[in-house]
>>> print(open('coords.pdb').read())   # PDB, C-alpha atoms, pLDDT in the B column
ATOM      1  CA  LYS B   1      15.920 -25.573  -7.632  1.00 80.00           C
ATOM      2  CA  PRO B   2      17.942 -26.144 -10.854  1.00 87.00           C
ATOM      3  CA  ILE B   3      20.566 -23.657  -9.664  1.00 88.00           C
ATOM      4  CA  LYS B   4      20.819 -25.458  -6.333  1.00 85.00           C
ATOM      5  CA  GLU B   5      21.146 -28.873  -7.973  1.00 88.00           C
ATOM      6  CA  ASN B   6      23.518 -28.014 -10.821  1.00 94.00           C
ATOM      7  CA  THR B   7      25.860 -25.296  -9.533  1.00 94.00           C
ATOM      8  CA  ASN B   8      27.843 -24.266  -6.484  1.00 93.00           C
ATOM      9  CA  CYS B   9      26.239 -20.833  -6.450  1.00 94.00           C
ATOM     10  CA  LYS B  10      24.871 -19.426  -3.233  1.00 93.00           C
ATOM     11  CA  ILE B  11      21.234 -18.351  -3.534  1.00 93.00           C
ATOM     12  CA  VAL B  12      19.938 -15.205  -1.827  1.00 94.00           C
ATOM     13  CA  VAL B  13      16.180 -14.576  -2.147  1.00 92.00           C
ATOM     14  CA  HIS B  14      14.592 -11.176  -1.554  1.00 91.00           C
ATOM     15  CA  ILE B  15      10.984 -11.577  -0.409  1.00 85.00           C
ATOM     16  CA  ARG B  16       8.289  -8.927  -0.322  1.00 78.00           C
ATOM     17  CA  GLU B  17       4.515  -9.165   0.088  1.00 70.00           C
ATOM     18  CA  ILE B  18       4.257 -12.925   0.494  1.00 71.00           C
ATOM     19  CA  PHE B  19       1.504 -13.798   2.989  1.00 65.00           C
ATOM     20  CA  ALA B  20       0.346 -17.424   3.013  1.00 60.00           C
ATOM     21  CA  ASN B  21      -2.281 -17.062   5.720  1.00 57.00           C
ATOM     22  CA  ASP B  22      -4.323 -20.140   4.816  1.00 56.00           C
ATOM     23  CA  VAL B  23      -4.247 -23.272   2.681  1.00 58.00           C
ATOM     24  CA  ASN B  24      -5.954 -21.514  -0.232  1.00 65.00           C
ATOM     25  CA  HIS B  25      -2.873 -19.378  -0.920  1.00 73.00           C
ATOM     26  CA  LEU B  26      -1.359 -22.110  -3.096  1.00 81.00           C
ATOM     27  CA  VAL B  27       1.027 -19.856  -5.015  1.00 81.00           C
ATOM     28  CA  ASP B  28       2.306 -18.127  -1.871  1.00 79.00           C
ATOM     29  CA  ASN B  29       2.807 -21.465  -0.123  1.00 83.00           C
ATOM     30  CA  TYR B  30       4.649 -22.851  -3.136  1.00 86.00           C
ATOM     31  CA  ILE B  31       7.008 -19.859  -3.250  1.00 86.00           C
ATOM     32  CA  ILE B  32       7.637 -20.072   0.500  1.00 86.00           C
ATOM     33  CA  ASN B  33       8.374 -23.806   0.453  1.00 86.00           C
ATOM     34  CA  GLN B  34      10.672 -23.563  -2.566  1.00 87.00           C
ATOM     35  CA  THR B  35      12.529 -20.651  -0.984  1.00 88.00           C
ATOM     36  CA  ILE B  36      12.996 -22.492   2.313  1.00 87.00           C
ATOM     37  CA  ASN B  37      14.325 -25.559   0.492  1.00 87.00           C
ATOM     38  CA  SER B  38      16.653 -23.747  -1.909  1.00 88.00           C
ATOM     39  CA  ALA B  39      17.837 -20.440  -0.441  1.00 90.00           C
ATOM     40  CA  ASN B  40      21.121 -20.067   1.395  1.00 91.00           C
ATOM     41  CA  ALA B  41      19.890 -16.729   2.729  1.00 93.00           C
ATOM     42  CA  ILE B  42      16.567 -14.895   2.693  1.00 93.00           C
ATOM     43  CA  ILE B  43      15.970 -11.154   2.907  1.00 92.00           C
ATOM     44  CA  ALA B  44      12.551  -9.882   4.039  1.00 88.00           C
ATOM     45  CA  ILE B  45      11.381  -6.274   4.441  1.00 80.00           C
ATOM     46  CA  SER B  46       9.417  -6.843   7.684  1.00 75.00           C
ATOM     47  CA  ASP B  47       9.029  -9.302  10.538  1.00 75.00           C
ATOM     48  CA  ASN B  48       5.546 -10.259   9.317  1.00 72.00           C
ATOM     49  CA  GLU B  49       7.094 -11.509   6.098  1.00 78.00           C
ATOM     50  CA  ALA B  50       9.978 -13.139   7.941  1.00 84.00           C
ATOM     51  CA  ASN B  51       7.499 -15.129  10.052  1.00 80.00           C
ATOM     52  CA  GLN B  52       6.448 -17.025   6.923  1.00 79.00           C
ATOM     53  CA  PHE B  53       9.961 -18.528   6.871  1.00 81.00           C
ATOM     54  CA  ASN B  54      10.381 -19.416  10.549  1.00 72.00           C
ATOM     55  CA  GLN B  55      11.697 -22.836   9.533  1.00 66.00           C
ATOM     56  CA  ASN B  56      14.762 -21.140   8.100  1.00 68.00           C
ATOM     57  CA  SER B  57      17.457 -19.679  10.359  1.00 75.00           C
ATOM     58  CA  THR B  58      19.148 -17.738   7.557  1.00 87.00           C
ATOM     59  CA  ILE B  59      16.517 -15.017   7.217  1.00 90.00           C
ATOM     60  CA  ASN B  60      17.458 -11.350   7.578  1.00 89.00           C
ATOM     61  CA  ILE B  61      15.183  -8.308   7.846  1.00 87.00           C
ATOM     62  CA  ILE B  62      16.326  -5.253   5.909  1.00 86.00           C
ATOM     63  CA  SER B  63      13.831  -2.407   5.637  1.00 77.00           C
ATOM     64  CA  ASN B  64      13.491  -0.187   2.590  1.00 72.00           C
ATOM     65  CA  PRO B  65      16.020   2.683   2.531  1.00 78.00           C
ATOM     66  CA  HIS B  66      15.162   6.280   1.683  1.00 84.00           C
ATOM     67  CA  ASP B  67      17.226   9.081   0.129  1.00 88.00           C
ATOM     68  CA  PHE B  68      16.107  12.189   2.034  1.00 90.00           C
ATOM     69  CA  SER B  69      17.436  14.494  -0.677  1.00 91.00           C
ATOM     70  CA  LEU B  70      14.476  13.349  -2.792  1.00 90.00           C
ATOM     71  CA  THR B  71      11.882  14.629  -0.315  1.00 92.00           C
ATOM     72  CA  ASP B  72      13.581  17.528   1.498  1.00 93.00           C
ATOM     73  CA  LYS B  73      12.833  19.980  -1.309  1.00 91.00           C
ATOM     74  CA  TYR B  74       9.092  19.336  -0.890  1.00 92.00           C
ATOM     75  CA  LEU B  75       8.978  20.186   2.819  1.00 90.00           C
ATOM     76  CA  CYS B  76       8.210  23.857   2.156  1.00 83.00           C
ATOM     77  CA  LYS B  77       5.426  23.199  -0.346  1.00 79.00           C
ATOM     78  CA  GLU B  78       2.454  25.395   0.530  1.00 78.00           C
ATOM     79  CA  LYS B  79      -1.164  24.244   0.437  1.00 75.00           C
ATOM     80  CA  SER B  80      -3.644  26.422  -1.409  1.00 73.00           C
ATOM     81  CA  ASN B  81      -6.198  26.084   1.403  1.00 74.00           C
ATOM     82  CA  LYS B  82      -4.706  26.051   4.901  1.00 76.00           C
ATOM     83  CA  GLN B  83      -8.155  25.741   6.491  1.00 84.00           C
ATOM     84  CA  LYS B  84      -8.653  22.284   4.969  1.00 89.00           C
ATOM     85  CA  VAL B  85      -7.369  19.054   6.518  1.00 94.00           C
ATOM     86  CA  VAL B  86      -6.336  16.602   3.800  1.00 95.00           C
ATOM     87  CA  VAL B  87      -6.329  12.905   4.728  1.00 97.00           C
ATOM     88  CA  GLY B  88      -4.795  10.694   2.057  1.00 97.00           C
ATOM     89  CA  MET B  89      -3.393   7.343   1.029  1.00 97.00           C
ATOM     90  CA  CYS B  90      -1.189   6.140  -1.812  1.00 95.00           C
ATOM     91  CA  ALA B  91      -0.877   2.504  -2.873  1.00 92.00           C
ATOM     92  CA  ALA B  92      -0.840   0.093  -5.753  1.00 90.00           C
ATOM     93  CA  PHE B  93      -4.418  -0.599  -6.775  1.00 90.00           C
ATOM     94  CA  LEU B  94      -4.722  -4.007  -5.107  1.00 89.00           C
ATOM     95  CA  GLN B  95      -7.366  -5.262  -2.686  1.00 91.00           C
ATOM     96  CA  ILE B  96      -4.800  -5.888   0.082  1.00 90.00           C
ATOM     97  CA  LYS B  97      -3.980  -2.162   0.149  1.00 93.00           C
ATOM     98  CA  GLY B  98      -7.331  -1.305   1.737  1.00 95.00           C
ATOM     99  CA  HIS B  99      -8.813   1.332  -0.581  1.00 96.00           C
ATOM    100  CA  LEU B 100     -12.336   0.101   0.213  1.00 96.00           C
ATOM    101  CA  ASP B 101     -11.698   0.469   3.942  1.00 96.00           C
ATOM    102  CA  PHE B 102     -10.414   3.988   3.318  1.00 97.00           C
ATOM    103  CA  LEU B 103     -13.669   4.860   1.541  1.00 97.00           C
ATOM    104  CA  GLU B 104     -15.694   3.421   4.425  1.00 96.00           C
ATOM    105  CA  ALA B 105     -13.623   5.360   6.963  1.00 96.00           C
ATOM    106  CA  ALA B 106     -14.233   8.554   4.977  1.00 96.00           C
ATOM    107  CA  ARG B 107     -17.982   7.897   5.092  1.00 95.00           C
ATOM    108  CA  ILE B 108     -17.924   7.361   8.868  1.00 94.00           C
ATOM    109  CA  ILE B 109     -15.845  10.488   9.501  1.00 94.00           C
ATOM    110  CA  ASN B 110     -18.197  12.571   7.359  1.00 93.00           C
ATOM    111  CA  LEU B 111     -21.148  11.291   9.398  1.00 91.00           C
ATOM    112  CA  LYS B 112     -19.452  12.003  12.712  1.00 89.00           C
ATOM    113  CA  LEU B 113     -18.411  15.501  11.691  1.00 87.00           C
ATOM    114  CA  GLY B 114     -22.004  16.271  10.756  1.00 78.00           C
ATOM    115  CA  GLU B 115     -22.655  19.986  10.990  1.00 68.00           C
ATOM    116  CA  GLN B 116     -19.305  20.804  12.581  1.00 74.00           C
ATOM    117  CA  LYS B 117     -17.370  23.418  10.699  1.00 69.00           C
ATOM    118  CA  ILE B 118     -14.338  21.263  10.003  1.00 77.00           C
ATOM    119  CA  ASN B 119     -13.223  21.213   6.387  1.00 90.00           C
ATOM    120  CA  VAL B 120     -11.867  17.740   5.580  1.00 94.00           C
ATOM    121  CA  GLU B 121     -10.823  16.394   2.210  1.00 95.00           C
ATOM    122  CA  PHE B 122      -9.939  12.780   1.451  1.00 97.00           C
ATOM    123  CA  LYS B 123      -7.463  11.886  -1.259  1.00 97.00           C
ATOM    124  CA  ILE B 124      -6.520   8.583  -2.905  1.00 97.00           C
ATOM    125  CA  ILE B 125      -3.384   8.665  -5.052  1.00 96.00           C
ATOM    126  CA  GLY B 126      -2.707   6.006  -7.678  1.00 93.00           C
ATOM    127  CA  TYR B 127      -6.037   5.310  -9.382  1.00 93.00           C
ATOM    128  CA  PRO B 128      -5.219   3.159 -12.444  1.00 89.00           C
ATOM    129  CA  GLN B 129      -5.230   4.804 -15.823  1.00 76.00           C
ATOM    130  CA  ASN B 130      -7.892   3.674 -18.247  1.00 70.00           C
ATOM    131  CA  LYS B 131      -6.730   0.997 -20.669  1.00 66.00           C
ATOM    132  CA  ASN B 132      -8.644   0.310 -23.849  1.00 65.00           C
ATOM    133  CA  SER B 133      -7.491  -3.290 -24.105  1.00 67.00           C
ATOM    134  CA  ILE B 134     -10.093  -5.978 -24.822  1.00 68.00           C
ATOM    135  CA  LYS B 135      -9.408  -7.509 -21.394  1.00 65.00           C
ATOM    136  CA  GLU B 136     -10.062  -4.231 -19.568  1.00 61.00           C
ATOM    137  CA  LEU B 137     -13.183  -3.483 -21.626  1.00 62.00           C
ATOM    138  CA  ILE B 138     -14.606  -6.921 -20.799  1.00 64.00           C
ATOM    139  CA  LYS B 139     -13.860  -6.383 -17.097  1.00 61.00           C
ATOM    140  CA  LYS B 140     -15.594  -3.013 -17.212  1.00 61.00           C
ATOM    141  CA  TYR B 141     -18.630  -4.436 -19.009  1.00 57.00           C
ATOM    142  CA  LEU B 142     -18.940  -7.371 -16.583  1.00 58.00           C
ATOM    143  CA  LYS B 143     -18.143  -5.122 -13.587  1.00 60.00           C
ATOM    144  CA  TYR B 144     -15.397  -7.567 -12.672  1.00 64.00           C
ATOM    145  CA  GLY B 145     -12.199  -6.974 -10.730  1.00 81.00           C
ATOM    146  CA  TYR B 146     -10.998  -4.750  -7.921  1.00 87.00           C
ATOM    147  CA  LYS B 147     -11.245  -1.508  -9.874  1.00 88.00           C
ATOM    148  CA  SER B 148     -14.942  -2.231 -10.515  1.00 87.00           C
ATOM    149  CA  GLN B 149     -15.501  -2.988  -6.819  1.00 90.00           C
ATOM    150  CA  PHE B 150     -13.900   0.341  -5.954  1.00 94.00           C
ATOM    151  CA  ASP B 151     -15.909   2.270  -8.546  1.00 91.00           C
ATOM    152  CA  ASN B 152     -19.186   0.680  -7.382  1.00 91.00           C
ATOM    153  CA  LYS B 153     -18.530   1.491  -3.714  1.00 94.00           C
ATOM    154  CA  LEU B 154     -17.461   5.009  -4.616  1.00 94.00           C
ATOM    155  CA  SER B 155     -20.653   5.661  -6.578  1.00 93.00           C
ATOM    156  CA  LYS B 156     -22.816   4.356  -3.710  1.00 94.00           C
ATOM    157  CA  LEU B 157     -21.114   6.400  -0.992  1.00 94.00           C
ATOM    158  CA  LYS B 158     -21.225   9.694  -2.926  1.00 89.00           C
ATOM    159  CA  LEU B 159     -18.299  11.252  -1.081  1.00 93.00           C
ATOM    160  CA  ASN B 160     -18.280  14.857  -2.257  1.00 92.00           C
ATOM    161  CA  ASN B 161     -15.049  15.586  -0.411  1.00 94.00           C
ATOM    162  CA  LEU B 162     -13.007  12.761  -1.984  1.00 96.00           C
ATOM    163  CA  ILE B 163     -10.330  13.515  -4.589  1.00 95.00           C
ATOM    164  CA  ILE B 164      -9.024  10.716  -6.827  1.00 95.00           C
ATOM    165  CA  ILE B 165      -5.534  11.258  -8.235  1.00 94.00           C
ATOM    166  CA  PRO B 166      -4.602   9.053 -11.229  1.00 92.00           C
ATOM    167  CA  TYR B 167      -1.376   7.057 -11.172  1.00 90.00           C
ATOM    168  CA  THR B 168       1.541   9.506 -11.239  1.00 89.00           C
ATOM    169  CA  MET B 169       5.326   9.458 -11.058  1.00 88.00           C
ATOM    170  CA  ASP B 170       5.294  12.889  -9.374  1.00 87.00           C
ATOM    171  CA  ILE B 171       4.350  11.293  -6.081  1.00 91.00           C
ATOM    172  CA  TYR B 172       6.177  13.611  -3.662  1.00 93.00           C
ATOM    173  CA  ASN B 173       4.375  16.616  -5.098  1.00 92.00           C
ATOM    174  CA  GLU B 174       1.054  14.965  -4.147  1.00 92.00           C
ATOM    175  CA  LEU B 175       2.201  13.574  -0.774  1.00 94.00           C
ATOM    176  CA  ALA B 176       3.454  17.013   0.277  1.00 94.00           C
ATOM    177  CA  LEU B 177      -0.125  18.357   0.095  1.00 93.00           C
ATOM    178  CA  ILE B 178      -1.509  15.707   2.474  1.00 95.00           C
ATOM    179  CA  ASP B 179      -1.829  16.590   6.183  1.00 95.00           C
ATOM    180  CA  ILE B 180      -2.440  13.069   7.567  1.00 97.00           C
ATOM    181  CA  TYR B 181      -1.212   9.963   5.779  1.00 98.00           C
ATOM    182  CA  VAL B 182      -3.129   6.670   6.096  1.00 97.00           C
ATOM    183  CA  ARG B 183      -2.049   3.119   5.259  1.00 96.00           C
ATOM    184  CA  PRO B 184      -5.177   0.927   5.610  1.00 95.00           C
ATOM    185  CA  ASP B 185      -3.329  -2.292   4.728  1.00 91.00           C
ATOM    186  CA  ILE B 186      -5.295  -5.515   5.339  1.00 89.00           C
ATOM    187  CA  THR B 187      -2.340  -7.945   5.349  1.00 82.00           C
ATOM    188  CA  GLY B 188      -1.324  -7.106   8.931  1.00 80.00           C
ATOM    189  CA  ASN B 189       1.825  -5.325   7.783  1.00 79.00           C
ATOM    190  CA  PRO B 190       1.733  -1.673   8.956  1.00 84.00           C
ATOM    191  CA  TRP B 191       4.935  -0.662   7.206  1.00 80.00           C
ATOM    192  CA  GLY B 192       6.201   0.118   3.727  1.00 82.00           C
ATOM    193  CA  ARG B 193       7.959   2.579   1.470  1.00 85.00           C
ATOM    194  CA  ASP B 194       4.893   4.836   1.455  1.00 90.00           C
ATOM    195  CA  ILE B 195       5.190   5.290   5.222  1.00 90.00           C
ATOM    196  CA  ILE B 196       8.923   5.997   4.980  1.00 89.00           C
ATOM    197  CA  GLU B 197       8.240   8.687   2.386  1.00 93.00           C
ATOM    198  CA  ALA B 198       5.340  10.202   4.350  1.00 95.00           C
ATOM    199  CA  MET B 199       7.474  10.362   7.491  1.00 93.00           C
ATOM    200  CA  ALA B 200      10.332  11.919   5.497  1.00 94.00           C
ATOM    201  CA  LEU B 201       7.818  14.623   4.547  1.00 95.00           C
ATOM    202  CA  LYS B 202       6.995  15.031   8.280  1.00 94.00           C
ATOM    203  CA  LYS B 203       3.425  13.758   8.000  1.00 95.00           C
ATOM    204  CA  PRO B 204       1.608  12.057  10.888  1.00 96.00           C
ATOM    205  CA  VAL B 205       0.863   8.480   9.865  1.00 95.00           C
ATOM    206  CA  ILE B 206      -1.976   6.106  10.719  1.00 95.00           C
ATOM    207  CA  ALA B 207      -1.299   2.486   9.715  1.00 93.00           C
ATOM    208  CA  THR B 208      -3.245  -0.715  10.319  1.00 89.00           C
ATOM    209  CA  GLY B 209      -1.615  -4.031  11.172  1.00 83.00           C
ATOM    210  CA  ASN B 210      -0.426  -6.288  13.973  1.00 78.00           C
ATOM    211  CA  SER B 211       3.357  -6.060  13.643  1.00 71.00           C
ATOM    212  CA  GLU B 212       5.273  -4.083  16.284  1.00 69.00           C
ATOM    213  CA  TYR B 213       8.714  -4.666  14.772  1.00 62.00           C
ATOM    214  CA  TYR B 214       9.197  -1.003  13.847  1.00 61.00           C
ATOM    215  CA  VAL B 215       7.362   0.461  16.831  1.00 62.00           C
ATOM    216  CA  LYS B 216       9.692   1.693  19.567  1.00 58.00           C
ATOM    217  CA  ASP B 217       8.632   3.271  22.866  1.00 52.00           C
TER     218      ASP B 217
END
>>> encode(input="coords.pdb", output="structure tokens")
Amino acid sequence: KPIKENTNCKIVVHIREIFANDVNHLVDNYIINQTINSANAIIAISDNEANQFNQNSTINIISNPHDFSLTDKYLCKEKSNKQKVVVGMCAAFLQIKGHLDFLEAARIINLKLGEQKINVEFKIIGYPQNKNSIKELIKKYLKYGYKSQFDNKLSKLKLNNLIIIPYTMDIYNELALIDIYVRPDITGNPWGRDIIEAMALKKPVIATGNSEYYVKD
């Protein structure tokens, strides 16, 4: 707002992961309204995000790019156990990313497989590293926060075929070992950089959401 009022600069706003789905999302609504009132142009990474700004005709959708040279060298990476099907996800450790749904899906699949001789392993990449800050210790003691919710559900389900990979920068090395990539997003947005990277590694992808912007027949 100050830039708009005091300069002749043009304002371009890049929006990602803003979903004001109800009146309780006060911060999201504030950001959306301020952007609509001040921006000369808006860039969103999906149509679901663009829909939040339907009052503004200057919105553009530009998806995340990908440099294939970063992933091509991982295409020949061999799995140690070719008889095992690895189903995995990779996401920031936030509730909207659907880790809890992934755990529940793993439980259901294990039940349905029953005594069938199908070797399946589930993998979650990006588990937060332990921090010994006072804030994190209090959260752990009070069993508060998303990480605690995840840990509690994990301990109850007792999934013996689930592998948790801590947060890592060597992400392609881990993605290359997955057979089926899953994005259990609960925002309605079935698209993101993780899917681009999984597809670049030639993995079949299952993603939840209601947007068909990137789906072509």
>>> residues_around(input="coords.pdb", residues="segment 53-69 of chain B", least_positions_apart="2", cutoff="7 Å", atoms="only C-alpha atoms", output="ChimeraX atom specification")
/B:32,36,40-47,50-51,71-72,193,200
>>> resolve_selection(input="coords.pdb", expression="the PyMOL selection byres ((chain B and resi 164) around 6)", output="PyMOL selection string")
chain B and resi 123-124+163+165
>>> resolve_selection(input="coords.pdb", expression="the PyMOL selection byres ((chain B and resi 171-180) around 12)", output="PDB file with C-alpha atoms, in the frame of the given file")
ATOM      1  CA  PHE B  68      16.107  12.189   2.034  1.00 90.00           C
ATOM      2  CA  SER B  69      17.436  14.494  -0.677  1.00 91.00           C
ATOM      3  CA  LEU B  70      14.476  13.349  -2.792  1.00 90.00           C
ATOM      4  CA  THR B  71      11.882  14.629  -0.315  1.00 92.00           C
ATOM      5  CA  ASP B  72      13.581  17.528   1.498  1.00 93.00           C
ATOM      6  CA  LYS B  73      12.833  19.980  -1.309  1.00 91.00           C
ATOM      7  CA  TYR B  74       9.092  19.336  -0.890  1.00 92.00           C
ATOM      8  CA  LEU B  75       8.978  20.186   2.819  1.00 90.00           C
ATOM      9  CA  CYS B  76       8.210  23.857   2.156  1.00 83.00           C
ATOM     10  CA  LYS B  77       5.426  23.199  -0.346  1.00 79.00           C
ATOM     11  CA  GLU B  78       2.454  25.395   0.530  1.00 78.00           C
ATOM     12  CA  LYS B  79      -1.164  24.244   0.437  1.00 75.00           C
ATOM     13  CA  SER B  80      -3.644  26.422  -1.409  1.00 73.00           C
ATOM     14  CA  ASN B  81      -6.198  26.084   1.403  1.00 74.00           C
ATOM     15  CA  LYS B  82      -4.706  26.051   4.901  1.00 76.00           C
ATOM     16  CA  GLN B  83      -8.155  25.741   6.491  1.00 84.00           C
ATOM     17  CA  LYS B  84      -8.653  22.284   4.969  1.00 89.00           C
ATOM     18  CA  VAL B  85      -7.369  19.054   6.518  1.00 94.00           C
ATOM     19  CA  VAL B  86      -6.336  16.602   3.800  1.00 95.00           C
ATOM     20  CA  VAL B  87      -6.329  12.905   4.728  1.00 97.00           C
ATOM     21  CA  GLY B  88      -4.795  10.694   2.057  1.00 97.00           C
ATOM     22  CA  MET B  89      -3.393   7.343   1.029  1.00 97.00           C
ATOM     23  CA  CYS B  90      -1.189   6.140  -1.812  1.00 95.00           C
ATOM     24  CA  ALA B  91      -0.877   2.504  -2.873  1.00 92.00           C
ATOM     25  CA  VAL B 120     -11.867  17.740   5.580  1.00 94.00           C
ATOM     26  CA  GLU B 121     -10.823  16.394   2.210  1.00 95.00           C
ATOM     27  CA  PHE B 122      -9.939  12.780   1.451  1.00 97.00           C
ATOM     28  CA  LYS B 123      -7.463  11.886  -1.259  1.00 97.00           C
ATOM     29  CA  ILE B 124      -6.520   8.583  -2.905  1.00 97.00           C
ATOM     30  CA  ILE B 125      -3.384   8.665  -5.052  1.00 96.00           C
ATOM     31  CA  GLY B 126      -2.707   6.006  -7.678  1.00 93.00           C
ATOM     32  CA  ILE B 163     -10.330  13.515  -4.589  1.00 95.00           C
ATOM     33  CA  ILE B 164      -9.024  10.716  -6.827  1.00 95.00           C
ATOM     34  CA  ILE B 165      -5.534  11.258  -8.235  1.00 94.00           C
ATOM     35  CA  PRO B 166      -4.602   9.053 -11.229  1.00 92.00           C
ATOM     36  CA  TYR B 167      -1.376   7.057 -11.172  1.00 90.00           C
ATOM     37  CA  THR B 168       1.541   9.506 -11.239  1.00 89.00           C
ATOM     38  CA  MET B 169       5.326   9.458 -11.058  1.00 88.00           C
ATOM     39  CA  ASP B 170       5.294  12.889  -9.374  1.00 87.00           C
ATOM     40  CA  TYR B 181      -1.212   9.963   5.779  1.00 98.00           C
ATOM     41  CA  VAL B 182      -3.129   6.670   6.096  1.00 97.00           C
ATOM     42  CA  ARG B 183      -2.049   3.119   5.259  1.00 96.00           C
ATOM     43  CA  ASP B 194       4.893   4.836   1.455  1.00 90.00           C
ATOM     44  CA  ILE B 195       5.190   5.290   5.222  1.00 90.00           C
ATOM     45  CA  ILE B 196       8.923   5.997   4.980  1.00 89.00           C
ATOM     46  CA  GLU B 197       8.240   8.687   2.386  1.00 93.00           C
ATOM     47  CA  ALA B 198       5.340  10.202   4.350  1.00 95.00           C
ATOM     48  CA  MET B 199       7.474  10.362   7.491  1.00 93.00           C
ATOM     49  CA  ALA B 200      10.332  11.919   5.497  1.00 94.00           C
ATOM     50  CA  LEU B 201       7.818  14.623   4.547  1.00 95.00           C
ATOM     51  CA  LYS B 202       6.995  15.031   8.280  1.00 94.00           C
ATOM     52  CA  LYS B 203       3.425  13.758   8.000  1.00 95.00           C
ATOM     53  CA  PRO B 204       1.608  12.057  10.888  1.00 96.00           C
ATOM     54  CA  VAL B 205       0.863   8.480   9.865  1.00 95.00           C
ATOM     55  CA  ILE B 206      -1.976   6.106  10.719  1.00 95.00           C
ATOM     56  CA  ALA B 207      -1.299   2.486   9.715  1.00 93.00           C
TER      57      ALA B 207
END
>>> closest_residue(input="coords.pdb", among="B:His25, B:Lys97, B:Lys1, B:His14", to="Tyr146 of chain B", atoms="all atoms listed in the file")
B:Lys97
>>> atom_distance(input="coords.pdb", atom1="atom CA of Phe102 of chain B", atom2="atom CA of Gly188 of chain B")
15.4 Å
>>> closest_residue(input="coords.pdb", among="B:Asn152, B:Asn189, B:Gln129, B:Asn160", to="Gly98 of chain B", atoms="only C-alpha atoms")
B:Asn189
>>> atom_distance(input="coords.pdb", atom1="atom CA of Trp191 of chain B", atom2="atom CA of Ser38 of chain B")
27.4 Å
>>> closest_residue(input="coords.pdb", among="B:Lys147, B:Pro184, B:Arg107, B:Asn29", to="Leu159 of chain B", atoms="only C-alpha atoms")
B:Arg107
>>> closest_residue(input="coords.pdb", among="B:Ile18, B:Leu26, B:Gln149, B:Leu157", to="Leu111 of chain B", atoms="only C-alpha atoms")
B:Leu157
>>> atom_distance(input="coords.pdb", atom1="atom CA of Ile118 of chain B", atom2="atom CA of Ala105 of chain B")
16.2 Å
>>> resolve_selection(input="coords.pdb", expression="the PyMOL selection byres ((chain B and resi 151) around 12)", output="JSON, numbers by chain")
{"B": [93, 99, 100, 103, 127, 128, 140, 143, 144, 145, 146, 147, 148, 149, 150, 152, 153, 154, 155, 156, 157, 158, 159, 164]}
>>> closest_residue(input="coords.pdb", among="B:Val27, B:Ala39, B:Ile108, B:Ile96", to="Cys9 of chain B", atoms="all atoms listed in the file")
B:Ala39
>>> axis_aligned_box(input="coords.pdb", around="segment 122-129 of chain B", padding_each_side="8 Å", output="lines of an AutoDock Vina configuration file")
center_x = -6.3
center_y = 8.0
center_z = -7.2
size_x = 23.2
size_y = 25.6
size_z = 33.3
>>> build_atoms(input="coords.pdb", residues="segment 87-98 of chain B", atoms="N, CA and C atoms", output="short mmCIF file (atom, residue, chain, number, x, y, z; two decimals), in the frame of the given file")
data_model
loop_
_atom_site.label_atom_id
_atom_site.label_comp_id
_atom_site.auth_asym_id
_atom_site.auth_seq_id
_atom_site.Cartn_x
_atom_site.Cartn_y
_atom_site.Cartn_z
N VAL B 87 -6.67 14.25 4.27
CA VAL B 87 -6.33 12.90 4.73
C VAL B 87 -6.18 12.03 3.49
N GLY B 88 -5.01 11.41 3.31
CA GLY B 88 -4.80 10.69 2.06
C GLY B 88 -4.05 9.39 2.19
N MET B 89 -4.12 8.60 1.13
CA MET B 89 -3.39 7.34 1.03
C MET B 89 -2.83 7.21 -0.38
N CYS B 90 -1.80 6.38 -0.51
CA CYS B 90 -1.19 6.14 -1.81
C CYS B 90 -0.74 4.69 -1.84
N ALA B 91 -1.23 3.92 -2.82
CA ALA B 91 -0.88 2.50 -2.87
C ALA B 91 -1.17 1.94 -4.25
N ALA B 92 -0.49 0.84 -4.55
CA ALA B 92 -0.84 0.09 -5.75
C ALA B 92 -2.31 -0.31 -5.67
N PHE B 93 -2.98 -0.36 -6.80
CA PHE B 93 -4.42 -0.60 -6.78
C PHE B 93 -4.70 -2.09 -6.65
N LEU B 94 -4.49 -2.60 -5.44
CA LEU B 94 -4.72 -4.01 -5.11
C LEU B 94 -5.63 -4.07 -3.89
N GLN B 95 -6.40 -5.14 -3.78
CA GLN B 95 -7.37 -5.26 -2.69
C GLN B 95 -6.69 -5.22 -1.32
N ILE B 96 -5.49 -5.82 -1.21
CA ILE B 96 -4.80 -5.89 0.08
C ILE B 96 -4.39 -4.51 0.60
N LYS B 97 -4.41 -3.49 -0.26
CA LYS B 97 -3.98 -2.16 0.15
C LYS B 97 -5.06 -1.40 0.90
N GLY B 98 -6.31 -1.87 0.87
CA GLY B 98 -7.33 -1.30 1.74
C GLY B 98 -8.05 -0.06 1.25
#
